[in-house]
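Colleague: My questions all concern the structure below.
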Amino acid sequence: MAYAAMEGTWNSRTWYSELFNAAGGRAQAGKVIYKLQAYDWKKKSWMSGQDLKRDLTFLLSIGANHVAYYPDDVHRDRPDVRTVSSILSGNSDVKREDRPKKTAP
């Protein structure tokens, strides 16, 4: 799991680059799944869809083959499916006509 925010890093690109290299870089990219956090447990808030997309895109750009995120709250559209689905491998399967109704936690 690659949870930069939980590690207290302010420069996620440097942190993810170091993690990618420590995991074997491009030579091992097919064997590693980088799972990023979508929820900040310290702040008790969801990461923005744009921030998550930025980090996922960065990992893909340096050579990661497999990326994911956790957690996912499909009932509250967290993270925003329209933002992150555009870069995920199953993006053509993600279809949401309307946003779900608001529900109490």
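Residue numbering restarts at 1 in every chain; chains get A, B, ... in the order shown in the structure tokens, and ligands count up from 1 in that same order.
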Which polymer residues have any atom within 6 Å of an atom of segment 19-29 of chain A, counting only C-alpha atoms, with same-chain residues fewer than 4 positions away left out, as a PyMOL selection string?

Modeller: chain A and resi 63-65

Colleague: Chain A: which residues are strand (DSSP E or B) by DSSP, as a PyMOL selection string?

Modeller: chain A and resi 2+33-37+39-40+45-46+66-70+73+78

Colleague: Among the residues of chain A, find those DSSP assigns to helix (DSSP H, G or I) from the backbone and print them as a tab-separated table (two decimals) with C-alpha atoms, in the first residue's frame.

Modeller:
chain	number	residue	atom	x	y	z
A	5	ALA	CA	-0.38	11.19	3.23
A	6	MET	CA	-0.21	8.75	6.14
A	7	GLU	CA	3.57	8.89	5.92
A	12	SER	CA	4.16	12.81	-3.06
A	13	ARG	CA	6.01	12.64	-6.40
A	14	THR	CA	9.37	12.20	-4.70
A	15	TRP	CA	7.91	9.68	-2.27
A	16	TYR	CA	6.23	7.65	-5.03
A	17	SER	CA	9.40	7.77	-7.16
A	18	GLU	CA	11.45	6.40	-4.26
A	19	LEU	CA	8.83	3.73	-3.59
A	20	PHE	CA	8.73	2.75	-7.27
A	21	ASN	CA	12.51	2.40	-7.39
A	22	ALA	CA	12.62	0.50	-4.08
A	25	GLY	CA	11.32	0.01	-10.88
A	26	ARG	CA	10.38	-0.94	-14.43
A	27	ALA	CA	12.00	-4.37	-14.13
A	28	GLN	CA	9.44	-5.42	-11.49
A	29	ALA	CA	6.54	-3.19	-12.56
A	30	GLY	CA	4.45	-6.12	-13.79
A	31	LYS	CA	4.59	-7.76	-10.37
A	49	GLY	CA	-10.53	13.14	-6.81
A	50	GLN	CA	-8.08	15.44	-8.57
A	51	ASP	CA	-5.29	14.70	-6.07
A	52	LEU	CA	-5.89	10.97	-6.35
A	53	LYS	CA	-5.96	11.13	-10.14
A	54	ARG	CA	-2.73	13.17	-10.13
A	55	ASP	CA	-0.92	10.57	-8.01
A	56	LEU	CA	-2.26	7.60	-9.97
A	57	THR	CA	-1.32	9.28	-13.25
A	58	PHE	CA	2.17	10.05	-11.95
A	59	LEU	CA	2.78	6.42	-10.99
A	60	LEU	CA	1.63	5.28	-14.41
A	61	SER	CA	3.85	7.88	-16.07
A	62	ILE	CA	7.01	6.60	-14.36
A	81	VAL	CA	-15.92	8.20	-10.18
A	82	ARG	CA	-15.87	10.57	-13.15
A	83	THR	CA	-12.47	11.91	-12.12
A	84	VAL	CA	-10.60	8.70	-11.38
A	85	SER	CA	-12.26	6.35	-13.86
A	86	SER	CA	-10.79	8.20	-16.81
A	87	ILE	CA	-7.35	6.73	-16.10
A	91	ASN	CA	-12.89	3.00	-17.32
A	92	SER	CA	-15.11	1.90	-20.20
A	93	ASP	CA	-17.08	-0.27	-17.75

Colleague: When you count only C-alpha atoms, which of these residues is closest to Val67 of chain A: A:Asp80, A:Lys35, A:Lys42, A:Ser48?

Modeller: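 Counting only C-alpha atoms, the residue closest to Val67 of chain A is A:Lys35.
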
Colleague: Excluding Tyr34 of chain A and its own-chain neighbours fewer than 4 positions away, which residues fall within 7 Å of it when counting only C-alpha atoms? Please give them as a PyMOL selection string.

Modeller: chain A and resi 1-2+66-68
